[in-house]
Each structure stands twice: as C-alpha cells, then as structure tokens.
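Coordinates as given in model.txt (compact mmCIF, C-alpha atoms):
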# COMPACT_ATOMS: atom_id res chain seq x y z
CA MET A 125 -121.17 -35.17 -0.97
CA ILE A 126 -119.24 -31.88 -0.61
CA TYR A 127 -119.58 -31.17 -4.35
CA GLU A 128 -123.34 -31.79 -4.39
CA ASN A 129 -123.89 -29.64 -1.32
CA LEU A 130 -121.92 -26.78 -2.85
CA ILE A 131 -123.75 -26.72 -6.18
CA THR A 132 -127.13 -26.85 -4.41
CA LYS A 133 -125.91 -24.05 -2.11
CA LYS A 134 -126.57 -26.15 0.94
CA ASP A 135 -122.91 -25.52 1.83
CA LYS A 136 -120.73 -22.47 1.20
CA LEU A 137 -117.28 -22.00 -0.28
CA ALA A 138 -114.88 -19.49 1.27
CA VAL A 139 -111.85 -17.76 -0.23
CA ILE A 140 -109.33 -16.49 2.31
CA GLY A 141 -107.22 -13.63 0.98
CA LEU A 142 -108.82 -11.36 -1.61
CA GLY A 143 -105.83 -9.97 -3.46
CA TYR A 144 -105.03 -10.25 -7.16
CA VAL A 145 -105.38 -14.06 -6.90
CA GLY A 146 -108.16 -14.57 -4.37
CA LEU A 147 -110.72 -12.03 -5.57
CA PRO A 148 -111.00 -13.29 -9.18
CA ILE A 149 -111.37 -16.86 -7.89
CA ALA A 150 -114.03 -15.83 -5.38
CA LEU A 151 -116.05 -13.94 -7.97
CA GLU A 152 -115.89 -16.77 -10.51
CA PHE A 153 -117.14 -19.25 -7.93
CA ALA A 154 -119.79 -16.77 -6.79
CA ARG A 155 -121.47 -17.05 -10.19
CA LYS A 156 -122.08 -20.74 -9.49
CA LEU A 157 -121.99 -21.15 -5.71
CA SER A 158 -122.65 -19.31 -2.47
CA VAL A 159 -119.32 -17.74 -1.53
CA ILE A 160 -117.73 -16.05 1.49
CA GLY A 161 -114.90 -13.69 0.65
CA PHE A 162 -112.67 -13.38 3.72
CA ASP A 163 -109.92 -10.81 4.23
CA ILE A 164 -108.38 -9.18 7.31
CA ARG A 165 -108.34 -5.66 5.82
CA GLU A 166 -111.69 -3.97 6.32
CA ASP A 167 -110.78 -1.03 4.04
CA ARG A 168 -110.32 -3.40 1.11
CA LEU A 169 -113.51 -5.28 1.96
CA GLU A 170 -115.51 -2.07 1.89
CA MET A 171 -114.23 -1.31 -1.60
CA MET A 172 -115.25 -4.78 -2.77
CA ARG A 173 -118.73 -4.34 -1.31
CA GLN A 174 -119.00 -1.32 -3.59
CA GLY A 175 -117.86 -3.32 -6.62
CA ILE A 176 -114.31 -1.97 -6.65
CA ASP A 177 -111.23 -4.17 -6.99
CA PRO A 178 -108.48 -2.71 -4.76
CA SER A 179 -105.87 -4.38 -7.00
CA GLU A 180 -107.34 -2.57 -10.03
CA GLU A 181 -107.38 -5.78 -12.06
CA LEU A 182 -111.15 -6.27 -12.39
CA GLU A 183 -113.87 -3.99 -13.70
CA SER A 184 -117.05 -3.35 -11.69
CA GLU A 185 -118.91 -5.71 -14.07
CA ALA A 186 -117.03 -8.63 -12.54
CA PHE A 187 -118.94 -8.16 -9.26
CA LYS A 188 -122.41 -8.35 -10.83
CA ASN A 189 -124.65 -11.40 -10.41
CA CYS A 190 -122.34 -12.85 -7.77
CA ASP A 191 -123.57 -14.62 -4.63
CA ILE A 192 -120.82 -13.43 -2.30
CA GLU A 193 -120.48 -11.98 1.18
CA PHE A 194 -117.31 -10.01 1.96
CA THR A 195 -116.27 -10.29 5.58
CA SER A 196 -113.47 -10.26 8.15
CA SER A 197 -115.55 -12.20 10.68
CA ILE A 198 -114.49 -15.70 11.78
CA ASP A 199 -118.13 -16.33 12.78
CA VAL A 200 -119.22 -15.79 9.17
CA LEU A 201 -116.28 -17.89 7.93
CA ARG A 202 -117.58 -20.82 10.01
CA GLN A 203 -120.53 -21.08 7.61
CA ALA A 204 -118.22 -22.46 4.91
CA LYS A 205 -117.39 -26.13 4.27
CA PHE A 206 -114.85 -25.66 1.46
CA PHE A 207 -111.98 -23.23 2.12
CA ILE A 208 -109.55 -21.87 -0.48
CA VAL A 209 -106.46 -20.09 0.90
CA ALA A 210 -104.98 -17.56 -1.53
CA VAL A 211 -102.71 -15.30 0.50
CA PRO A 212 -99.25 -13.98 -0.51
CA THR A 213 -96.10 -15.97 0.24
CA PRO A 214 -93.32 -13.35 0.20
CA ILE A 215 -89.68 -13.51 1.23
CA ASP A 216 -88.01 -11.61 4.07
CA GLU A 217 -84.99 -9.29 3.96
CA HIS A 218 -82.70 -12.34 3.92
CA ASN A 219 -84.48 -13.86 0.89
CA LEU A 220 -85.96 -16.59 3.08
CA PRO A 221 -89.61 -17.72 2.88
CA ASP A 222 -91.96 -15.58 4.97
CA LEU A 223 -94.84 -17.87 5.88
CA LYS A 224 -96.54 -15.45 8.29
CA PRO A 225 -99.46 -14.60 5.94
CA LEU A 226 -99.95 -18.29 5.07
CA LEU A 227 -99.84 -19.48 8.68
CA GLY A 228 -102.05 -16.57 9.76
CA ALA A 229 -104.65 -17.58 7.16
CA SER A 230 -104.34 -21.20 8.30
CA LYS A 231 -105.10 -20.14 11.87
CA SER A 232 -108.23 -18.30 10.70
CA VAL A 233 -109.39 -21.37 8.78
CA ALA A 234 -108.57 -23.64 11.72
CA CYS A 235 -110.84 -21.54 13.95
CA ALA A 236 -113.68 -22.13 11.50
CA LEU A 237 -112.91 -25.76 10.66
CA LYS A 238 -115.57 -28.45 11.22
CA LYS A 239 -115.66 -32.19 10.68
CA GLY A 240 -115.87 -33.03 6.99
CA ASP A 241 -114.54 -29.67 5.76
CA TYR A 242 -112.08 -29.20 2.88
CA VAL A 243 -109.10 -26.83 2.82
CA VAL A 244 -107.34 -26.11 -0.49
CA TYR A 245 -104.18 -23.99 -0.64
CA GLU A 246 -103.36 -21.88 -3.71
CA SER A 247 -100.42 -19.90 -2.32
CA THR A 248 -97.05 -20.69 -3.91
CA VAL A 249 -94.91 -22.72 -1.49
CA TYR A 250 -92.00 -25.16 -1.48
CA PRO A 251 -92.88 -28.87 -1.83
CA GLY A 252 -94.03 -30.21 1.53
CA CYS A 253 -95.18 -26.92 3.02
CA THR A 254 -98.90 -27.71 2.93
CA GLU A 255 -98.56 -31.00 4.81
CA GLU A 256 -95.58 -30.12 7.00
CA ASP A 257 -96.38 -26.53 8.02
CA CYS A 258 -100.08 -25.88 7.43
CA VAL A 259 -101.77 -29.18 8.30
CA PRO A 260 -100.28 -29.45 11.84
CA LEU A 261 -101.57 -25.93 12.55
CA LEU A 262 -105.04 -26.85 11.30
CA GLU A 263 -105.03 -29.95 13.50
CA SER A 264 -103.75 -28.29 16.68
CA ILE A 265 -106.23 -25.39 16.62
CA SER A 266 -109.31 -27.21 15.30
CA GLY A 267 -108.81 -30.35 17.35
CA LEU A 268 -109.64 -32.38 14.26
CA GLN A 269 -107.59 -35.17 12.72
CA PHE A 270 -106.13 -34.71 9.24
CA ASN A 271 -107.79 -37.04 6.68
CA THR A 272 -110.43 -38.37 9.04
CA GLY A 273 -111.63 -35.03 10.40
CA PHE A 274 -110.92 -32.79 7.41
CA LYS A 275 -109.42 -33.05 3.91
CA VAL A 276 -106.67 -30.93 2.39
CA GLY A 277 -105.63 -30.21 -1.19
CA TYR A 278 -103.34 -27.95 -3.16
CA SER A 279 -104.12 -26.16 -6.42
CA PRO A 280 -101.51 -23.55 -7.37
CA GLU A 281 -102.68 -20.20 -8.66
CA ARG A 282 -101.81 -19.39 -12.27
CA ILE A 283 -103.13 -15.86 -12.58
CA ASN A 284 -100.99 -13.47 -14.62
CA PRO A 285 -101.54 -9.84 -13.48
CA GLY A 286 -102.50 -7.50 -16.29
CA ASP A 287 -103.25 -10.36 -18.68
CA LYS A 288 -106.81 -10.08 -19.97
CA GLU A 289 -106.45 -13.12 -22.25
CA HIS A 290 -105.08 -15.82 -19.95
CA THR A 291 -107.67 -15.48 -17.20
CA ILE A 292 -108.41 -18.02 -14.47
CA THR A 293 -111.09 -19.84 -16.49
CA LYS A 294 -108.83 -20.25 -19.53
CA ILE A 295 -105.74 -21.74 -17.86
CA THR A 296 -105.54 -25.46 -17.08
CA LYS A 297 -105.78 -25.86 -13.30
CA VAL A 298 -103.46 -28.25 -11.50
CA VAL A 299 -105.30 -29.87 -8.60
CA SER A 300 -104.30 -32.34 -5.90
CA GLY A 301 -105.74 -33.91 -2.77
CA CYS A 302 -104.65 -35.83 0.30
CA ASP A 303 -106.40 -38.97 -1.01
CA ALA A 304 -108.40 -40.20 -4.01
CA GLU A 305 -111.71 -39.00 -2.57
CA SER A 306 -110.49 -35.46 -1.93
CA LEU A 307 -108.74 -35.26 -5.31
CA ASP A 308 -111.99 -36.13 -7.09
CA ALA A 309 -114.05 -33.65 -5.07
CA ILE A 310 -111.54 -30.81 -5.46
CA ALA A 311 -111.22 -31.43 -9.20
CA LYS A 312 -115.01 -31.34 -9.64
CA VAL A 313 -115.28 -28.06 -7.73
CA TYR A 314 -112.65 -26.34 -9.86
CA GLU A 315 -114.15 -27.77 -13.05
CA LEU A 316 -117.20 -25.63 -12.30
CA ILE A 317 -115.27 -22.50 -13.28
CA VAL A 318 -112.18 -23.60 -15.24
CA THR A 319 -113.30 -24.22 -18.83
CA ALA A 320 -109.74 -25.16 -19.84
CA GLY A 321 -110.01 -28.22 -17.59
CA VAL A 322 -107.96 -29.54 -14.68
CA HIS A 323 -104.84 -31.64 -14.38
CA ARG A 324 -105.01 -34.10 -11.49
CA ALA A 325 -101.58 -34.31 -9.85
CA SER A 326 -100.68 -37.53 -8.08
CA SER A 327 -99.93 -35.82 -4.77
CA ILE A 328 -99.93 -32.47 -3.00
CA LYS A 329 -96.11 -32.31 -3.19
CA VAL A 330 -96.16 -32.84 -6.95
CA ALA A 331 -98.64 -29.96 -7.36
CA GLU A 332 -96.53 -27.70 -5.10
CA ALA A 333 -93.38 -28.58 -7.04
CA ALA A 334 -95.07 -27.99 -10.40
CA LYS A 335 -95.91 -24.43 -9.43
CA ILE A 336 -92.55 -23.56 -7.95
CA ILE A 337 -90.62 -24.72 -11.03
CA GLU A 338 -92.86 -22.75 -13.43
CA ASN A 339 -91.49 -19.46 -12.14
CA SER A 340 -88.01 -20.82 -11.43
CA GLN A 341 -87.74 -21.90 -15.06
CA ARG A 342 -88.70 -18.42 -16.27
CA ASP A 343 -86.27 -16.83 -13.83
CA ILE A 344 -83.37 -18.96 -15.07
CA ASN A 345 -84.15 -18.30 -18.72
CA ILE A 346 -84.40 -14.54 -18.18
CA ALA A 347 -81.13 -14.66 -16.20
CA PHE A 348 -79.47 -16.26 -19.23
CA MET A 349 -80.75 -13.42 -21.40
CA ASN A 350 -79.50 -10.82 -18.89
CA GLU A 351 -76.08 -12.46 -18.81
CA LEU A 352 -75.99 -12.47 -22.60
CA SER A 353 -76.91 -8.79 -22.57
CA VAL A 354 -73.87 -7.98 -20.43
CA ILE A 355 -71.62 -10.00 -22.76
CA PHE A 356 -73.04 -8.53 -25.96
CA ASN A 357 -72.82 -4.99 -24.56
CA LYS A 358 -69.07 -5.49 -24.19
CA MET A 359 -68.97 -6.60 -27.83
CA GLY A 360 -71.01 -3.67 -29.07
CA ILE A 361 -73.83 -5.96 -30.21
CA ASN A 362 -77.53 -5.24 -29.55
CA THR A 363 -79.03 -8.16 -27.63
CA TYR A 364 -82.49 -7.76 -29.15
CA GLU A 365 -81.05 -7.98 -32.66
CA VAL A 366 -79.27 -11.19 -31.68
CA LEU A 367 -82.47 -12.64 -30.22
CA GLU A 368 -84.45 -11.61 -33.29
CA ALA A 369 -82.01 -13.48 -35.50
CA ALA A 370 -81.82 -16.54 -33.24
CA GLY A 371 -85.62 -16.57 -32.92
CA THR A 372 -86.00 -17.50 -36.60
CA LYS A 373 -85.27 -21.12 -35.58
CA TRP A 374 -88.48 -22.92 -34.66
CA ASN A 375 -87.29 -24.33 -31.33
CA PHE A 376 -85.50 -21.25 -29.97
CA LEU A 377 -87.05 -20.18 -26.65
CA LYS A 378 -88.08 -16.52 -26.86
CA PHE A 379 -87.07 -14.99 -23.55
CA PHE A 380 -85.79 -11.43 -23.21
CA PRO A 381 -83.53 -9.53 -20.81
CA GLY A 382 -85.00 -7.16 -18.24
CA LEU A 383 -85.75 -6.33 -14.63
CA VAL A 384 -87.15 -9.34 -12.78
CA GLY A 385 -89.32 -8.29 -9.85
CA GLY A 386 -92.86 -8.85 -8.68
CA HIS A 387 -94.22 -11.39 -6.24
CA CYS A 388 -93.73 -14.51 -8.39
CA ILE A 389 -90.65 -14.85 -10.57
CA GLY A 390 -88.50 -12.69 -8.29
CA VAL A 391 -89.62 -14.56 -5.17
CA ASP A 392 -90.62 -18.18 -5.82
CA PRO A 393 -87.14 -19.53 -6.68
CA TYR A 394 -86.01 -18.61 -3.17
CA TYR A 395 -88.61 -21.02 -1.78
CA LEU A 396 -87.09 -23.83 -3.82
CA THR A 397 -83.47 -22.99 -2.88
CA TYR A 398 -84.55 -22.82 0.77
CA LYS A 399 -86.04 -26.32 0.64
CA ALA A 400 -83.05 -27.64 -1.29
CA LYS A 401 -80.71 -26.30 1.40
CA GLU A 402 -82.77 -28.10 4.06
CA LEU A 403 -82.07 -31.29 2.11
CA GLY A 404 -78.35 -30.55 1.96
CA ILE A 405 -78.39 -29.50 -1.69
CA HIS A 406 -76.98 -26.26 -3.09
CA ALA A 407 -79.27 -25.38 -6.01
CA GLN A 408 -76.53 -23.91 -8.17
CA ILE A 409 -78.42 -23.01 -11.35
CA ILE A 410 -81.41 -21.54 -9.51
CA SER A 411 -79.16 -19.54 -7.17
CA SER A 412 -77.02 -18.27 -10.04
CA GLY A 413 -80.11 -17.15 -11.93
CA ARG A 414 -81.36 -15.24 -8.91
CA LYS A 415 -77.96 -13.60 -8.40
CA ILE A 416 -77.84 -12.39 -12.01
CA ASN A 417 -81.41 -11.08 -12.03
CA ASP A 418 -81.04 -9.36 -8.67
CA SER A 419 -77.95 -7.53 -9.97
CA ILE A 420 -79.40 -6.24 -13.25
CA ALA A 421 -80.93 -3.07 -11.75
CA GLU A 422 -77.52 -1.94 -10.52
CA TYR A 423 -76.07 -2.80 -13.93
CA ILE A 424 -78.67 -0.62 -15.71
CA ALA A 425 -77.97 2.31 -13.40
CA LYS A 426 -74.21 2.01 -13.88
CA GLN A 427 -74.56 1.81 -17.66
CA THR A 428 -76.64 5.00 -17.50
CA ILE A 429 -73.87 6.68 -15.48
CA LYS A 430 -71.24 5.52 -17.98
CA LYS A 431 -73.24 6.96 -20.89
CA MET A 432 -73.52 10.28 -19.06
CA ILE A 433 -69.80 10.40 -18.30
CA SER A 434 -68.99 9.57 -21.93
CA ALA A 435 -71.15 12.53 -22.98
CA ASP A 436 -69.23 14.85 -20.58
CA ILE A 437 -72.31 15.33 -18.43
CA SER A 438 -71.59 16.41 -14.85
CA ILE A 439 -73.00 13.69 -12.63
CA LYS A 440 -73.15 16.07 -9.67
CA ASN A 441 -75.71 18.35 -11.31
CA ALA A 442 -77.47 15.72 -13.40
CA LYS A 443 -81.19 15.06 -13.41
CA VAL A 444 -82.64 11.75 -14.63
CA LEU A 445 -86.21 10.83 -15.51
CA VAL A 446 -87.29 7.23 -14.87
CA MET A 447 -90.41 6.20 -16.77
CA GLY A 448 -92.28 3.33 -15.13
CA ALA A 449 -92.23 2.15 -11.51
CA THR A 450 -94.38 -0.99 -11.42
CA PHE A 451 -92.89 -4.49 -11.52
CA LYS A 452 -94.24 -5.13 -15.03
CA GLU A 453 -96.09 -3.40 -17.84
CA ASN A 454 -99.72 -2.26 -17.67
CA VAL A 455 -100.33 -3.11 -14.00
CA SER A 456 -100.47 -0.98 -10.84
CA ASP A 457 -98.60 -3.54 -8.73
CA ILE A 458 -95.34 -2.20 -7.27
CA ARG A 459 -94.49 -5.17 -5.05
CA ASN A 460 -90.81 -6.11 -5.35
CA SER A 461 -90.37 -3.70 -8.25
CA LYS A 462 -86.73 -3.66 -9.31
CA VAL A 463 -87.20 -0.18 -10.77
CA ALA A 464 -86.78 1.02 -7.18
CA ASP A 465 -83.28 -0.47 -7.18
CA VAL A 466 -82.44 1.47 -10.36
CA VAL A 467 -83.72 4.69 -8.76
CA HIS A 468 -81.81 4.17 -5.50
CA GLU A 469 -78.60 3.29 -7.34
CA LEU A 470 -78.80 6.49 -9.40
CA ILE A 471 -79.53 8.55 -6.28
CA SER A 472 -76.47 7.05 -4.58
CA TYR A 473 -74.33 8.87 -7.17
CA GLY A 474 -75.86 12.20 -6.17
CA ILE A 475 -78.18 12.35 -9.17
CA GLU A 476 -81.63 13.93 -8.86
CA VAL A 477 -84.17 11.36 -10.01
CA GLU A 478 -87.81 11.97 -10.95
CA VAL A 479 -90.24 9.15 -11.65
CA ILE A 480 -93.47 8.95 -13.64
CA ASP A 481 -95.88 6.06 -14.11
CA PRO A 482 -99.48 6.00 -15.45
CA TYR A 483 -100.48 3.06 -13.24
CA ALA A 484 -98.58 3.24 -9.94
CA ASP A 485 -99.79 5.03 -6.81
CA SER A 486 -97.42 7.72 -5.58
CA GLU A 487 -98.22 7.31 -1.88
CA SER A 488 -97.70 3.54 -2.09
CA LEU A 489 -94.31 4.11 -3.71
CA LYS A 490 -93.33 6.58 -0.98
CA HIS A 491 -94.35 4.13 1.72
CA GLU A 492 -92.62 1.15 0.11
CA TYR A 493 -89.51 2.69 -1.46
CA GLY A 494 -89.12 6.24 -0.18
CA PHE A 495 -89.87 8.08 -3.41
CA GLY A 496 -93.08 9.19 -5.12
CA LEU A 497 -94.19 10.21 -8.58
CA ILE A 498 -94.19 13.61 -10.27
CA GLU A 499 -97.35 14.58 -12.13
CA LYS A 500 -95.67 15.83 -15.27
CA PRO A 501 -92.08 15.51 -16.53
CA GLY A 502 -89.90 18.59 -16.99
CA ASN A 503 -87.57 19.42 -19.87
CA ASN A 504 -84.09 19.34 -18.37
CA TYR A 505 -83.12 15.67 -18.04
CA SER A 506 -79.56 14.55 -18.74
CA ALA A 507 -80.86 11.02 -19.23
CA ILE A 508 -84.21 9.29 -19.54
CA VAL A 509 -84.61 5.67 -18.42
CA VAL A 510 -87.67 3.88 -19.85
CA ALA A 511 -87.77 1.11 -17.25
CA VAL A 512 -91.22 -0.41 -17.88
CA ASN A 513 -92.75 -0.95 -21.31
CA HIS A 514 -96.26 0.32 -20.51
CA SER A 515 -98.50 0.51 -23.58
CA GLU A 516 -98.67 4.30 -23.09
CA TYR A 517 -94.93 4.45 -23.84
CA SER A 518 -94.83 2.14 -26.88
CA ASN A 519 -95.50 4.76 -29.56
CA LEU A 520 -93.60 7.74 -28.15
CA SER A 521 -91.45 9.47 -30.77
CA GLU A 522 -87.86 10.60 -30.52
CA ASP A 523 -89.14 14.19 -30.62
CA TYR A 524 -91.01 13.51 -27.35
CA PHE A 525 -87.77 12.52 -25.63
CA LEU A 526 -85.81 15.36 -27.21
CA LYS A 527 -88.22 17.90 -25.70
CA LEU A 528 -87.56 16.43 -22.24
CA SER A 529 -83.80 16.25 -22.65
CA THR A 530 -80.86 18.56 -22.26
CA THR A 531 -78.15 18.47 -24.91
CA PRO A 532 -76.60 15.96 -25.33
CA GLY A 533 -79.50 13.70 -24.37
CA ILE A 534 -79.35 10.04 -23.41
CA LEU A 535 -82.14 7.44 -23.70
CA VAL A 536 -81.84 4.19 -21.78
CA ASP A 537 -84.42 1.79 -23.18
CA VAL A 538 -84.46 -1.20 -20.82
CA LYS A 539 -86.80 -3.36 -22.91
CA GLY A 540 -85.58 -2.23 -26.31
CA ILE A 541 -88.95 -0.86 -27.46
CA TYR A 542 -87.41 2.07 -29.39
CA ARG A 543 -84.70 0.10 -31.12
CA ASN A 544 -83.86 1.47 -34.58
CA LYS A 545 -86.11 4.50 -33.92
CA ILE A 546 -83.63 6.74 -32.09
CA LYS A 547 -81.21 8.71 -34.26
CA LYS A 548 -80.32 11.94 -32.40
CA LEU A 549 -80.18 10.87 -28.75
CA ALA A 550 -77.42 8.65 -27.38
CA TYR A 551 -79.17 5.28 -27.06
CA TRP A 552 -78.60 2.17 -24.97
CA SER A 553 -80.70 -0.88 -24.17
CA LEU A 554 -80.16 -4.23 -22.53
This entry written out as structure tokens:
Amino acid sequence: MIYENLITKKDKLAVIGLGYVGLPIALEFARKLSVIGFDIREDRLEMMRQGIDPSEELESEAFKNCDIEFTSSIDVLRQAKFFIVAVPTPIDEHNLPDLKPLLGASKSVACALKKGDYVVYESTVYPGCTEEDCVPLLESISGLQFNTGFKVGYSPERINPGDKEHTITKITKVVSGCDAESLDAIAKVYELIVTAGVHRASSIKVAEAAKIIENSQRDINIAFMNELSVIFNKMGINTYEVLEAAGTKWNFLKFFPGLVGGHCIGVDPYYLTYKAKELGIHAQIISSGRKINDSIAEYIAKQTIKKMISADISIKNAKVLVMGATFKENVSDIRNSKVADVVHELISYGIEVEVIDPYADSESLKHEYGFGLIEKPGNNYSAIVVAVNHSEYSNLSEDYFLKLSTTPGILVDVKGIYRNKIKKLAYWSL
C-alpha cells in the first residue's frame, strides 16, 4: 500500500538531512514522487530553494522538474509517510561514535511519525544501531509500537563525492527491512530511482555491517600501502614503481598510499572497533590500519623536514607551500582533511606555511583548522607539498614549481603524480 500511495502522490516521501548524501537522493525521488526535503539549517535550505547545492556537488539542472518542498518545519514533515534519514555519523575527539546528529534526526522523525509510516536509515552506523539506538527513540516519542505501529529499514548510502560516473542511480543499492513486508516495500521504492537494481539483505544488521566493512576494507588496504611506503622509503625504492610492477598480475589489488581523511574511510572503521569492544573483542587489524593511516600526515611532514635539512635549508626561516586542502581530489569537502595535520605538523617546527586550493573555502578552513588560503602563491618556498591530486595540478610542469621555489628547491609529491617528471628539484613521494 505504501508504494502505491507514493507513486500516485497520495503520500509523500521525506529526506531528513540534505547534505552530500541526502540532497541527491531527495532530488532523484522528486522526479518520481512528491518529496519533502528536511534540514535544520535554514541558510542551506534557502540556497536549495534557489537551485544551489551548498555541497557544490550538483549543478542547478539537478533541481529542475522536481516535486520537492525544502523545509525545517516539523509540521510540514508530518505530511510524509516514508522517511529517509541521511545525516552524518561522525566521531568525537576520542574517536568514538558521535550519534548526536542521528539521534537528533530520529527525534524529528518521531515527532512526525504516524501509524503505518516507514523510516529508512542511510547513515553509516555499527551493526545494531538502527534497532538498538534509533528504534527505541522513535517508539518513546511517537508513542507507537515498532513493527505494528511503524516499519523500519536500513539502506546504506553509497555516494562517492566528486564522482560523476558512479552516481546514486548507477550503484546497486543494499536494502533491508524489519520484516518481509517492509523489505519488499522499501526495495520497490528504491527501485524507482536506482537503475542498477537493489540487493535485498536478510536483515537490518546485515545491511549495516555490509556498509561498515566496505570502508574498513579500503582503510586496511590503504594502510598496508602506507606501511609499505615507509619500508620502501628506507630502502630507497619508489613505492609507485613497485605497485606498477606488482599491478601487472591480474589479481593484484590496486590500492595506493596517501592521506586518509574524509567522513567515510577515516571515520567508519571506528564505529566497527567501538562495537567490537562492546562485545569484548579487540579488532586488531582494523585498529592497526587506523593507527597507520592516522600517522601518515606526521610522517609526510617529517620527511619534508628531513629533505630540507639534507639540503642545508634553515628550518627557522623556511617557508613551505601546501597545494590542496580538501580530503580528496576535485571536491570542496574539507571534513576530516588530513592535510590539516600536515600543515600543523610543519608549523610546529616554526615553519611558515601557506596553503592554496582551487576548491576549498578559506573561511571554512579557518573555522575548522585555524588556517586559511592565500589567493596566489609566491616565489620563495623552500619546499612545496602537493598534498591533493586535484585535476588542476595534474599537468603542472617542473618549470612551474621552479618559479615558486628558492634554490635548492624541494617537491614533496604525496600521490606521486609527477614521478619521473622532476629532474632539477629534490623530489620525494610516498
């Protein structure tokens, strides 16, 4: 019944949390259904009403021909029968899960919940969180009984920021429900927009676990590459050359070393280690991977310092340019950017650091990390650290870096994009 009422627009679908995950989902559904886009930040809502994506992921065209109302009103939210929660699930300063946004969104939904409604969570959580943390909150505030009064499901987000190829409609969607009836209804709703199809998980916990291990697996594999990079650096071997050679075998997994930040890979494994600890298990591999990846920014900064000392550069009067501040290439997102750790480590040695980035917002960086961007680089840098491989940086010549550098100049190429192209500058990469 819920599916039929949605496609005939008798009932409405609501998306709670309109960030880089929620907004694309809301707009895709709004081409098929009547949608309520709910967010607590009125400044962001006003931008969306004008066809502007605050996350700078979507073009204005994405807002056209969409049946959607953007609101922060619980009264408007009550018009919905099918709720999708897509809010961030960060970690706190102790690397523990911070469920405040998720529980806050659950409270908003609970205030709007009616008999027969559906609530589907997309936020990345540890297995059990939906049923153990969110459902009791929905029950206590709404006064409704789980299963008999309302249905709950879980369908983890799989959006990759900055990726214009693997968009929401083209990635298989994992879906789950609290029973067979809800699983079928939730799957049908998502099939309206996901052309790649859906995978029906056997339970909510299975769907939660599937999402959390996706990013944990990537984190562990990148940690292995980072550890190899440290080993090969001691041997005087270039890691990327090793990986290029090893990658000629058909079943070699092509991961690369680098800074691991952002709101997914750098965060999600901590949700799994937290749950494991609750169960009396020390997740050794996951924890080790996190420890390695969290230390790589300091390692990059120290290798830069070592290169400068080897070149007889006075650290006290040195000036370093860092190119790139976002957590990954070709996005404006600075959340949990490990470039900030590189900058702060260099500053701790008394070095003057300047940062440029074609995507990041200077004021946001100042607010989050205490440093902003310069508009244009100078020409007196003892070292240049290319920290993020933005497309704007991919074809820069050695002459470009030479013009920015003092003599002797040092280029630290974190992602190895200038390998075999640098002849005059002292060069180092992971």
Tell me which protein, DNA and RNA residues are within 7 Å of segment 392-409 of chain A, counting all atoms listed in the file, leaving out same-chain ones fewer than 3 positions away, and put them as a PyMOL selection string. chain A and resi 219-221+249-250+336+339-340+388-389+412-413
Return as a tab-separated table the residues of segment 403-436 of chain A lying at most 10 Å from segment 353-358 of chain A, together with the closest atom-to-atom pair for each and the distance in Å to one decimal, counting only C-alpha atoms, with rows in chain order and ascending residue number.
residue	atom	partner	partner_atom	distance
A:Ile420	CA	A:Val354	CA	9.2
A:Tyr423	CA	A:Val354	CA	8.6
A:Ile424	CA	A:Val354	CA	10.0
A:Gln427	CA	A:Asn357	CA	9.8
Residues at most 12 Å from Leu237 of chain A, counting all atoms listed in the file, excluding those fewer than 6 positions away in the same chain, as a list in words?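 Here the answer would be Ala138, Ile198, Asp199, Val200, Leu201, Arg202, Gln203, Ala204, Lys205, Phe206, Phe207, Ser230, Lys231, Val243, Val259, Leu261, Leu262, Glu263, Ser264, Ile265, Ser266, Gly267, Leu268, Gln269, Phe270, Gly273, Phe274, Lys275 and Val276 of chain A.
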Determine, counting only C-alpha atoms, which protein, DNA and RNA residues have an atom within 10 Å of an atom of Asn504 of chain A; residues of the same chain fewer than 2 positions away are not included. Present the result as a PyMOL selection string. chain A and resi 442-445+501-502+506-507+526-531+533
Would you output that residue set with C-alpha atoms, as a PDB file, keeping the file's coordinate frame?
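Contents of the output file selection_14.pdb:
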ATOM      1  CA  ALA A 442     -77.470  15.720 -13.400  1.00  0.00           C
ATOM      2  CA  LYS A 443     -81.190  15.060 -13.410  1.00  0.00           C
ATOM      3  CA  VAL A 444     -82.640  11.750 -14.630  1.00  0.00           C
ATOM      4  CA  LEU A 445     -86.210  10.830 -15.510  1.00  0.00           C
ATOM      5  CA  PRO A 501     -92.080  15.510 -16.530  1.00  0.00           C
ATOM      6  CA  GLY A 502     -89.900  18.590 -16.990  1.00  0.00           C
ATOM      7  CA  SER A 506     -79.560  14.550 -18.740  1.00  0.00           C
ATOM      8  CA  ALA A 507     -80.860  11.020 -19.230  1.00  0.00           C
ATOM      9  CA  LEU A 526     -85.810  15.360 -27.210  1.00  0.00           C
ATOM     10  CA  LYS A 527     -88.220  17.900 -25.700  1.00  0.00           C
ATOM     11  CA  LEU A 528     -87.560  16.430 -22.240  1.00  0.00           C
ATOM     12  CA  SER A 529     -83.800  16.250 -22.650  1.00  0.00           C
ATOM     13  CA  THR A 530     -80.860  18.560 -22.260  1.00  0.00           C
ATOM     14  CA  THR A 531     -78.150  18.470 -24.910  1.00  0.00           C
ATOM     15  CA  GLY A 533     -79.500  13.700 -24.370  1.00  0.00           C
TER      16      GLY A 533
END
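Checking A:Ile410, A:Ile508, A:Ile295, A:Val466 one by one against Ile346 of chain A, counting only C-alpha atoms, you find the shortest gap at A:Ile410.
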For Met171 of chain A, the nearest of the candidates A:Phe187, A:Val512, A:Arg414, A:Ser158, counting only C-alpha atoms: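 Smallest separation from Met171 of chain A among the options: A:Phe187.
Minimum atom-to-atom distances from A:His468, A:Lys294, A:Lys415, A:Arg282 to Ala347 of chain A were compared using all atoms listed in the file, and the lowest value belongs to A:Lys415.
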Could you add the missing atoms to segment 479-488 of chain A, up to N, CA and C atoms, and return them as a tab-separated table (two decimals), keeping the file's coordinate frame?
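Printed below is result_1.tsv as written:
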chain	number	residue	atom	x	y	z
A	479	VAL	N	-89.61	10.38	-11.16
A	479	VAL	CA	-90.24	9.15	-11.65
A	479	VAL	C	-91.68	9.44	-12.07
A	480	ILE	N	-92.08	8.88	-13.21
A	480	ILE	CA	-93.47	8.95	-13.64
A	480	ILE	C	-93.97	7.54	-13.92
A	481	ASP	N	-95.27	7.35	-13.80
A	481	ASP	CA	-95.88	6.06	-14.11
A	481	ASP	C	-97.40	6.25	-14.19
A	482	PRO	N	-98.04	5.80	-15.29
A	482	PRO	CA	-99.48	6.00	-15.45
A	482	PRO	C	-100.33	5.06	-14.60
A	483	TYR	N	-99.72	4.06	-13.99
A	483	TYR	CA	-100.48	3.06	-13.24
A	483	TYR	C	-100.20	3.08	-11.73
A	484	ALA	N	-98.98	3.35	-11.34
A	484	ALA	CA	-98.58	3.24	-9.94
A	484	ALA	C	-99.19	4.35	-9.08
A	485	ASP	N	-99.30	4.06	-7.79
A	485	ASP	CA	-99.79	5.03	-6.81
A	485	ASP	C	-98.60	5.67	-6.10
A	486	SER	N	-98.56	7.00	-6.13
A	486	SER	CA	-97.42	7.72	-5.58
A	486	SER	C	-97.23	7.48	-4.09
A	487	GLU	N	-98.32	7.51	-3.33
A	487	GLU	CA	-98.22	7.31	-1.88
A	487	GLU	C	-97.71	5.91	-1.55
A	488	SER	N	-98.16	4.92	-2.32
A	488	SER	CA	-97.70	3.54	-2.09
A	488	SER	C	-96.21	3.42	-2.36
